[in-house]
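File shown: structure_15.pdb. Contents: PDB, C-alpha atoms and all ligand atoms.
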ATOM      1  CA  MET F  11      15.014   4.039  36.470  1.00  0.00           C
ATOM      2  CA  GLU F  12      18.574   5.351  36.421  1.00  0.00           C
ATOM      3  CA  LYS F  13      18.788   5.038  40.191  1.00  0.00           C
ATOM      4  CA  ILE F  14      17.488   1.489  40.081  1.00  0.00           C
ATOM      5  CA  VAL F  15      20.034   0.494  37.439  1.00  0.00           C
ATOM      6  CA  LYS F  16      22.882   2.159  39.350  1.00  0.00           C
ATOM      7  CA  GLN F  17      21.959   0.574  42.662  1.00  0.00           C
ATOM      8  CA  SER F  18      21.459  -2.873  41.181  1.00  0.00           C
ATOM      9  CA  ASP F  19      24.910  -2.588  39.565  1.00  0.00           C
ATOM     10  CA  ARG F  20      26.253  -1.723  43.001  1.00  0.00           C
ATOM     11  CA  CYS F  21      24.542  -4.784  44.518  1.00  0.00           C
ATOM     12  CA  ARG F  22      26.047  -6.949  41.803  1.00  0.00           C
ATOM     13  CA  ASP F  23      29.542  -5.576  42.567  1.00  0.00           C
ATOM     14  CA  ILE F  24      29.137  -6.139  46.303  1.00  0.00           C
ATOM     15  CA  ILE F  25      27.925  -9.694  45.816  1.00  0.00           C
ATOM     16  CA  ARG F  26      30.750 -10.455  43.378  1.00  0.00           C
ATOM     17  CA  GLY F  27      33.207  -9.073  45.887  1.00  0.00           C
ATOM     18  CA  LEU F  28      31.713 -11.133  48.694  1.00  0.00           C
ATOM     19  CA  LEU F  29      31.834 -14.250  46.595  1.00  0.00           C
ATOM     20  CA  ASP F  30      35.469 -13.647  45.687  1.00  0.00           C
ATOM     21  CA  PHE F  31      36.258 -12.993  49.320  1.00  0.00           C
ATOM     22  CA  SER F  32      34.582 -16.094  50.658  1.00  0.00           C
ATOM     23  CA  ARG F  33      35.348 -18.476  47.826  1.00  0.00           C
ATOM     24  CA  GLN F  34      38.097 -20.854  48.745  1.00  0.00           C
ATOM     25  CA  ARG F  35      39.176 -21.395  45.180  1.00  0.00           C
ATOM     26  CA  LYS F  36      42.333 -23.414  45.240  1.00  0.00           C
ATOM     27  CA  PRO F  37      45.012 -21.512  43.401  1.00  0.00           C
ATOM     28  CA  GLU F  38      46.180 -23.127  40.200  1.00  0.00           C
ATOM     29  CA  LYS F  39      49.856 -22.491  40.500  1.00  0.00           C
ATOM     30  CA  ARG F  40      52.405 -22.799  37.752  1.00  0.00           C
ATOM     31  CA  LEU F  41      55.758 -21.206  37.021  1.00  0.00           C
ATOM     32  CA  SER F  42      54.923 -17.761  35.667  1.00  0.00           C
ATOM     33  CA  ASN F  43      56.625 -14.504  34.861  1.00  0.00           C
ATOM     34  CA  VAL F  44      55.620 -11.597  37.099  1.00  0.00           C
ATOM     35  CA  ASN F  45      56.691  -9.007  34.489  1.00  0.00           C
ATOM     36  CA  ARG F  46      54.329 -10.544  31.895  1.00  0.00           C
ATOM     37  CA  VAL F  47      51.401 -10.449  34.349  1.00  0.00           C
ATOM     38  CA  LEU F  48      52.139  -6.803  35.173  1.00  0.00           C
ATOM     39  CA  GLU F  49      52.412  -5.875  31.481  1.00  0.00           C
ATOM     40  CA  GLU F  50      49.071  -7.560  30.844  1.00  0.00           C
ATOM     41  CA  CYS F  51      47.517  -5.402  33.606  1.00  0.00           C
ATOM     42  CA  VAL F  52      48.968  -2.236  32.064  1.00  0.00           C
ATOM     43  CA  SER F  53      47.591  -3.146  28.652  1.00  0.00           C
ATOM     44  CA  LEU F  54      44.162  -3.671  30.227  1.00  0.00           C
ATOM     45  CA  VAL F  55      44.044  -0.260  31.906  1.00  0.00           C
ATOM     46  CA  GLU F  56      46.059   2.133  29.748  1.00  0.00           C
ATOM     47  CA  ASP F  57      43.197   2.957  27.386  1.00  0.00           C
ATOM     48  CA  GLN F  58      40.658   3.481  30.154  1.00  0.00           C
ATOM     49  CA  VAL F  59      39.483   7.054  30.719  1.00  0.00           C
ATOM     50  CA  LEU F  60      40.640   6.926  34.359  1.00  0.00           C
ATOM     51  CA  PHE F  61      44.226   6.494  33.115  1.00  0.00           C
ATOM     52  CA  HIS F  62      44.308   9.171  30.399  1.00  0.00           C
ATOM     53  CA  ASN F  63      46.186  11.642  32.603  1.00  0.00           C
ATOM     54  CA  ILE F  64      48.276   9.062  34.405  1.00  0.00           C
ATOM     55  CA  ARG F  65      51.843   8.448  33.356  1.00  0.00           C
ATOM     56  CA  ILE F  66      52.768   4.825  33.907  1.00  0.00           C
ATOM     57  CA  GLU F  67      56.493   4.328  34.330  1.00  0.00           C
ATOM     58  CA  GLN F  68      57.784   0.775  34.316  1.00  0.00           C
ATOM     59  CA  HIS F  69      61.079  -0.416  35.744  1.00  0.00           C
ATOM     60  CA  LEU F  70      60.812  -4.124  35.119  1.00  0.00           C
ATOM     61  CA  LYS F  71      63.877  -6.159  35.936  1.00  0.00           C
ATOM     62  CA  PRO F  72      64.755  -8.353  32.962  1.00  0.00           C
ATOM     63  CA  ASP F  73      65.451 -12.034  33.573  1.00  0.00           C
ATOM     64  CA  LEU F  74      63.376 -12.261  36.743  1.00  0.00           C
ATOM     65  CA  PRO F  75      63.170 -15.811  38.046  1.00  0.00           C
ATOM     66  CA  GLN F  76      59.783 -17.368  37.398  1.00  0.00           C
ATOM     67  CA  VAL F  77      57.423 -17.539  40.361  1.00  0.00           C
ATOM     68  CA  PHE F  78      55.298 -20.571  41.235  1.00  0.00           C
ATOM     69  CA  MET F  79      51.923 -18.807  41.369  1.00  0.00           C
ATOM     70  CA  ASP F  80      48.364 -18.613  40.094  1.00  0.00           C
ATOM     71  CA  PRO F  81      48.784 -15.943  37.385  1.00  0.00           C
ATOM     72  CA  SER F  82      45.098 -14.968  37.260  1.00  0.00           C
ATOM     73  CA  GLN F  83      44.899 -14.494  41.039  1.00  0.00           C
ATOM     74  CA  VAL F  84      48.123 -12.492  41.024  1.00  0.00           C
ATOM     75  CA  GLN F  85      46.756 -10.432  38.132  1.00  0.00           C
ATOM     76  CA  GLN F  86      43.693  -9.674  40.277  1.00  0.00           C
ATOM     77  CA  VAL F  87      46.001  -8.415  43.049  1.00  0.00           C
ATOM     78  CA  PHE F  88      48.012  -6.218  40.647  1.00  0.00           C
ATOM     79  CA  MET F  89      44.807  -4.815  39.123  1.00  0.00           C
ATOM     80  CA  ASN F  90      43.544  -3.888  42.594  1.00  0.00           C
ATOM     81  CA  MET F  91      46.801  -2.052  43.314  1.00  0.00           C
ATOM     82  CA  ILE F  92      46.770  -0.221  39.982  1.00  0.00           C
ATOM     83  CA  LEU F  93      43.101   0.816  40.269  1.00  0.00           C
ATOM     84  CA  ASN F  94      43.540   1.990  43.865  1.00  0.00           C
ATOM     85  CA  ALA F  95      46.536   4.071  42.772  1.00  0.00           C
ATOM     86  CA  ALA F  96      44.602   5.647  39.894  1.00  0.00           C
ATOM     87  CA  GLU F  97      41.652   6.371  42.163  1.00  0.00           C
ATOM     88  CA  ALA F  98      43.946   7.978  44.763  1.00  0.00           C
ATOM     89  CA  MET F  99      45.349  10.260  42.046  1.00  0.00           C
ATOM     90  CA  HIS F 100      41.858  11.215  40.860  1.00  0.00           C
ATOM     91  CA  GLY F 101      42.896  10.207  37.365  1.00  0.00           C
ATOM     92  CA  GLY F 102      46.055  12.389  37.188  1.00  0.00           C
ATOM     93  CA  GLY F 103      49.638  11.740  38.316  1.00  0.00           C
ATOM     94  CA  GLN F 104      52.373   9.168  38.000  1.00  0.00           C
ATOM     95  CA  LEU F 105      52.262   5.465  38.711  1.00  0.00           C
ATOM     96  CA  THR F 106      55.641   3.760  38.923  1.00  0.00           C
ATOM     97  CA  LEU F 107      55.812  -0.009  38.649  1.00  0.00           C
ATOM     98  CA  THR F 108      59.047  -1.667  39.695  1.00  0.00           C
ATOM     99  CA  THR F 109      60.025  -5.315  39.823  1.00  0.00           C
ATOM    100  CA  ARG F 110      63.180  -6.716  41.377  1.00  0.00           C
ATOM    101  CA  HIS F 111      64.739  -9.990  42.344  1.00  0.00           C
ATOM    102  CA  VAL F 112      65.646 -10.389  46.023  1.00  0.00           C
ATOM    103  CA  PRO F 113      68.103 -13.322  45.921  1.00  0.00           C
ATOM    104  CA  ALA F 114      68.598 -13.389  49.713  1.00  0.00           C
ATOM    105  CA  GLU F 115      64.918 -14.233  50.177  1.00  0.00           C
ATOM    106  CA  GLU F 116      64.491 -16.177  46.943  1.00  0.00           C
ATOM    107  CA  ALA F 117      61.686 -13.782  46.147  1.00  0.00           C
ATOM    108  CA  VAL F 118      60.412 -11.353  43.558  1.00  0.00           C
ATOM    109  CA  GLU F 119      59.254  -7.932  44.691  1.00  0.00           C
ATOM    110  CA  VAL F 120      56.723  -5.752  42.897  1.00  0.00           C
ATOM    111  CA  GLU F 121      56.323  -2.135  43.904  1.00  0.00           C
ATOM    112  CA  PHE F 122      53.441   0.209  43.039  1.00  0.00           C
ATOM    113  CA  THR F 123      54.189   3.865  43.769  1.00  0.00           C
ATOM    114  CA  ASP F 124      51.657   6.610  43.127  1.00  0.00           C
ATOM    115  CA  THR F 125      51.544  10.365  43.571  1.00  0.00           C
ATOM    116  CA  GLY F 126      48.035  10.331  45.014  1.00  0.00           C
ATOM    117  CA  HIS F 127      46.492  11.652  48.214  1.00  0.00           C
ATOM    118  CA  GLY F 128      48.234   9.072  50.402  1.00  0.00           C
ATOM    119  CA  ILE F 129      46.904   7.365  53.522  1.00  0.00           C
ATOM    120  CA  THR F 130      46.549   8.794  57.029  1.00  0.00           C
ATOM    121  CA  GLU F 131      48.455   7.088  59.829  1.00  0.00           C
ATOM    122  CA  GLU F 132      45.166   6.069  61.391  1.00  0.00           C
ATOM    123  CA  ASP F 133      43.911   4.454  58.168  1.00  0.00           C
ATOM    124  CA  LEU F 134      47.168   2.555  57.550  1.00  0.00           C
ATOM    125  CA  ASP F 135      46.109   0.117  60.272  1.00  0.00           C
ATOM    126  CA  ARG F 136      42.760  -0.703  58.727  1.00  0.00           C
ATOM    127  CA  ILE F 137      43.039  -0.570  54.943  1.00  0.00           C
ATOM    128  CA  PHE F 138      43.410  -4.359  54.708  1.00  0.00           C
ATOM    129  CA  SER F 139      40.207  -4.999  56.703  1.00  0.00           C
ATOM    130  CA  PRO F 140      37.253  -6.215  54.649  1.00  0.00           C
ATOM    131  CA  PHE F 141      34.749  -3.424  53.897  1.00  0.00           C
ATOM    132  CA  PHE F 142      37.077  -0.611  54.960  1.00  0.00           C
ATOM    133  CA  THR F 143      36.807   2.122  52.358  1.00  0.00           C
ATOM    134  CA  THR F 144      37.237   5.889  52.293  1.00  0.00           C
ATOM    135  CA  LYS F 145      35.420   6.094  48.976  1.00  0.00           C
ATOM    136  CA  GLU F 146      31.980   7.559  48.595  1.00  0.00           C
ATOM    137  CA  VAL F 147      29.010   5.245  48.868  1.00  0.00           C
ATOM    138  CA  GLY F 148      28.729   3.433  45.566  1.00  0.00           C
ATOM    139  CA  HIS F 149      32.415   3.893  44.639  1.00  0.00           C
ATOM    140  CA  GLY F 150      34.162   1.221  46.674  1.00  0.00           C
ATOM    141  CA  THR F 151      33.208  -1.881  48.590  1.00  0.00           C
ATOM    142  CA  GLY F 152      36.441  -1.985  50.590  1.00  0.00           C
ATOM    143  CA  LEU F 153      37.208  -5.536  49.508  1.00  0.00           C
ATOM    144  CA  GLY F 154      40.079  -4.984  47.049  1.00  0.00           C
ATOM    145  CA  LEU F 155      42.913  -5.019  49.578  1.00  0.00           C
ATOM    146  CA  ALA F 156      41.321  -7.677  51.804  1.00  0.00           C
ATOM    147  CA  ILE F 157      41.045 -10.030  48.817  1.00  0.00           C
ATOM    148  CA  SER F 158      44.560  -9.140  47.673  1.00  0.00           C
ATOM    149  CA  TYR F 159      45.921  -9.825  51.151  1.00  0.00           C
ATOM    150  CA  GLY F 160      44.292 -13.271  51.141  1.00  0.00           C
ATOM    151  CA  ILE F 161      45.691 -14.151  47.716  1.00  0.00           C
ATOM    152  CA  VAL F 162      49.208 -13.015  48.614  1.00  0.00           C
ATOM    153  CA  GLN F 163      49.059 -14.948  51.880  1.00  0.00           C
ATOM    154  CA  GLU F 164      48.004 -18.033  49.949  1.00  0.00           C
ATOM    155  CA  HIS F 165      51.235 -17.568  47.960  1.00  0.00           C
ATOM    156  CA  LYS F 166      53.238 -17.261  51.228  1.00  0.00           C
ATOM    157  CA  GLY F 167      54.061 -13.692  50.271  1.00  0.00           C
ATOM    158  CA  THR F 168      53.639 -10.309  51.937  1.00  0.00           C
ATOM    159  CA  ILE F 169      52.047  -6.945  51.113  1.00  0.00           C
ATOM    160  CA  THR F 170      53.435  -3.874  52.821  1.00  0.00           C
ATOM    161  CA  VAL F 171      52.504  -0.240  52.491  1.00  0.00           C
ATOM    162  CA  GLU F 172      54.300   3.024  53.097  1.00  0.00           C
ATOM    163  CA  SER F 173      52.485   6.283  52.855  1.00  0.00           C
ATOM    164  CA  GLU F 174      52.193   9.750  54.250  1.00  0.00           C
ATOM    165  CA  GLU F 175      49.052  11.784  53.916  1.00  0.00           C
ATOM    166  CA  GLY F 176      49.329  14.021  50.863  1.00  0.00           C
ATOM    167  CA  CYS F 177      52.532  12.373  49.621  1.00  0.00           C
ATOM    168  CA  GLY F 178      51.379   9.338  47.663  1.00  0.00           C
ATOM    169  CA  ALA F 179      51.671   5.690  48.592  1.00  0.00           C
ATOM    170  CA  THR F 180      53.891   2.701  47.875  1.00  0.00           C
ATOM    171  CA  PHE F 181      52.553  -0.842  48.077  1.00  0.00           C
ATOM    172  CA  THR F 182      55.151  -3.619  47.900  1.00  0.00           C
ATOM    173  CA  ILE F 183      54.256  -7.208  47.186  1.00  0.00           C
ATOM    174  CA  CYS F 184      56.886  -9.826  47.872  1.00  0.00           C
ATOM    175  CA  LEU F 185      56.304 -13.264  46.348  1.00  0.00           C
ATOM    176  CA  PRO F 186      58.584 -16.179  47.151  1.00  0.00           C
ATOM    177  CA  VAL F 187      59.845 -17.828  43.975  1.00  0.00           C
ATOM    178  CA  SER F 188      58.522 -21.134  45.256  1.00  0.00           C
ATOM    179  CA  SER F 189      55.500 -20.997  47.558  1.00  0.00           C
ATOM    180  CA  GLU F 190      55.233 -24.781  47.807  1.00  0.00           C
ATOM    181  CA  GLN F 191      58.793 -25.839  47.977  1.00  0.00           C
ATOM    182  CA  GLU F 192      58.042 -29.529  47.917  1.00  0.00           C
ATOM    183  CA  ASN F 193      56.656 -29.125  44.394  1.00  0.00           C
ATOM    184  CA  ILE F 194      59.734 -27.613  42.850  1.00  0.00           C
ATOM    185  CA  PRO F 195      63.086 -29.325  42.931  1.00  0.00           C
ATOM    186  CA  ARG F 196      65.610 -26.960  44.472  1.00  0.00           C
ATOM    187  CA  ALA F 197      68.970 -26.425  42.895  1.00  0.00           C
ATOM    188  CA  ALA F 198      71.673 -28.208  44.877  1.00  0.00           C
TER     189      ALA F 198
HETATM  190  N1  LIG A 201      47.160   3.761  46.544  1.00  0.00           N
HETATM  191  C1  LIG A 201      46.383   4.231  47.507  1.00  0.00           C
HETATM  192  N2  LIG A 201      46.450   5.533  47.900  1.00  0.00           N
HETATM  193  C2  LIG A 201      45.651   6.009  48.883  1.00  0.00           C
HETATM  194  N3  LIG A 201      44.747   5.271  49.552  1.00  0.00           N
HETATM  195  C3  LIG A 201      44.644   3.981  49.213  1.00  0.00           C
HETATM  196  C4  LIG A 201      45.437   3.375  48.177  1.00  0.00           C
HETATM  197  N4  LIG A 201      45.095   2.079  48.086  1.00  0.00           N
HETATM  198  C5  LIG A 201      44.140   1.859  49.000  1.00  0.00           C
HETATM  199  N5  LIG A 201      43.857   2.996  49.691  1.00  0.00           N
HETATM  200  C6  LIG A 201      42.888   3.173  50.779  1.00  0.00           C
HETATM  201  O1  LIG A 201      42.514   1.882  51.242  1.00  0.00           O
HETATM  202  C7  LIG A 201      41.095   1.749  51.199  1.00  0.00           C
HETATM  203  C8  LIG A 201      40.740   0.295  50.971  1.00  0.00           C
HETATM  204  O2  LIG A 201      41.147  -0.106  49.664  1.00  0.00           O
HETATM  205  P1  LIG A 201      40.423  -1.342  48.976  1.00  0.00           P
HETATM  206  O3  LIG A 201      41.036  -1.557  47.651  1.00  0.00           O
HETATM  207  O4  LIG A 201      40.404  -2.475  49.941  1.00  0.00           O
HETATM  208  O5  LIG A 201      38.916  -0.858  48.860  1.00  0.00           O
HETATM  209  P2  LIG A 201      38.311   0.271  47.890  1.00  0.00           P
HETATM  210  O6  LIG A 201      39.291   0.591  46.780  1.00  0.00           O
HETATM  211  O7  LIG A 201      37.871   1.398  48.748  1.00  0.00           O
HETATM  212  O8  LIG A 201      37.057  -0.474  47.286  1.00  0.00           O
HETATM  213  P3  LIG A 201      37.087  -1.705  46.223  1.00  0.00           P
HETATM  214  O9  LIG A 201      38.532  -2.067  45.980  1.00  0.00           O
HETATM  215  O10 LIG A 201      36.364  -2.814  46.912  1.00  0.00           O
HETATM  216  O11 LIG A 201      36.405  -1.154  45.036  1.00  0.00           O
HETATM  217  C9  LIG A 201      40.656   2.725  50.105  1.00  0.00           C
HETATM  218  O12 LIG A 201      39.308   3.119  50.265  1.00  0.00           O
HETATM  219  C10 LIG A 201      41.622   3.873  50.311  1.00  0.00           C
HETATM  220  O13 LIG A 201      41.209   4.686  51.400  1.00  0.00           O
HETATM  221 MG    MG A 202      40.253  -0.967  45.692  1.00  0.00          MG
END

Write the structure described by the file as structure tokens, please.
Ligand SMILES: Nc1ncnc2c1ncn2[C@@H]1O[C@H](COP(=O)(O)OP(=O)(O)OP(=O)(O)O)[C@@H](O)[C@H]1O
Ligand SMILES: [Mg+2]
Amino acid sequence: MEKIVKQSDRCRDIIRGLLDFSRQRKPEKRLSNVNRVLEECVSLVEDQVLFHNIRIEQHLKPDLPQVFMDPSQVQQVFMNMILNAAEAMHGGGQLTLTTRHVPAEEAVEVEFTDTGHGITEEDLDRIFSPFFTTKEVGHGTGLGLAISYGIVQEHKGTITVESEEGCGATFTICLPVSSEQENIPRAA
């Protein structure tokens, strides 16, 4: 019975992931504060067992310009990053969250740095592919980064990663302040 319950939960997760991946939900964009979305993510995870031995350090730039984005989709991306980091640290280590304003690109950057097991050079090329996972069967569907990539692309942003095996990883998400410039009057 336990096996049946566990495997049907796994099926449910895979199907949910597939649906999220294939669904062309139009983002509902509005001017939102990236720091608030990140803080909401931290409040959702900090009491979870997986995070008990993880120190979360936050360097959030005050007075960030608001970003024209779908806050719930962006929250999904941030949650994926935070959960991946925690999983790579096996529940112990430091997660550093940094936000900054990049005026030259009219963008806001969010950085997730962990002290986990890092990513091999070979894997760096495929982590954004749907269904690529290094997790044990039943622990990852390999859709988190593929979905995140799609959402960030939809916001005309970028996700980049730097990592060395054994030395942690840094994922950087860059979101343009205005992803649909025709919708927001520009300052003269
Ligand atoms: N912070 C990280 N440190 C080390 N490896 C990472 C990190 N983030 C992602 N990865 C690697 O990228 C792979 C793909 O990540 P992705 O989030 O797409 O899928 P997953 O976490 O394996 O499964 P899912 O997110 O669907 O539960 C992971 O299996 C892991 O090997
Ligand atoms: Mg993941």

Once the PyMOL selection byres (((not hetatm)) within 8 of (chain A and resi 201)) has been applied to the shown file, what residues remain in the selection, as a PyMOL selection string? chain F and resi 24+27+90-99+123-124+126-129+133-134+136-145+149-157+173+178-181

What's around region 81-83 of chain F at 8 Å? Count all atoms listed in the file, leave out sequence neighbours fewer than 5 positions away in its own chain, and write the answer as number ranges by chain. F: 37, 39-40, 42, 47, 161

Picked residues, the PyMOL selection byres (((chain F and resi 116-122) around 6) and not hetatm), as a PyMOL selection string: chain F and resi 106-115+123+180-187

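Comparing F:Val87, F:Arg26, F:Lys71, F:Lys13 by their smallest distance to ligand MG 202 (chain A), the closest is F:Val87 (using all atoms listed in the file).
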
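Closest approach to ligand MG 202 (chain A) among F:Thr170, F:Asp57, F:Met89, F:Cys21 is made by F:Met89 (distances from all atoms listed in the file).
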
If I wrap all listed atoms of region 165-173 of chain F in a box with edges along x, y and z and add 3 Å on each side, what are its centre and edge lengths in Å to one decimal, as AutoDock Vina command-line options?
--center_x 52.8 --center_y -5.6 --center_z 50.5 --size_x 9.1 --size_y 29.9 --size_z 11.1

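Of the listed residues (F:Gly102, F:Ser189, F:Ile25, F:Gln86), F:Gly102 comes nearest to Asn63 (chain F); the distances count only C-alpha atoms.
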
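Compared by their closest atoms to ligand MG 202 (chain A), and using only C-alpha atoms and all ligand atoms, the residues F:Asn43, F:Phe61, F:His69, F:Phe88 rank with F:Phe88 nearest.
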
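Distance annotation: of F:Lys36, F:Leu28, F:Ser188, F:Met11, the residue with the minimal separation from Gln76 (chain F) is F:Ser188; atom set is all atoms listed in the file.
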
Quick check, in Å to one decimal: how far apart do CA of Cys51 (chain F) and CA of Pro72 (chain F) lie? 17.5 Å
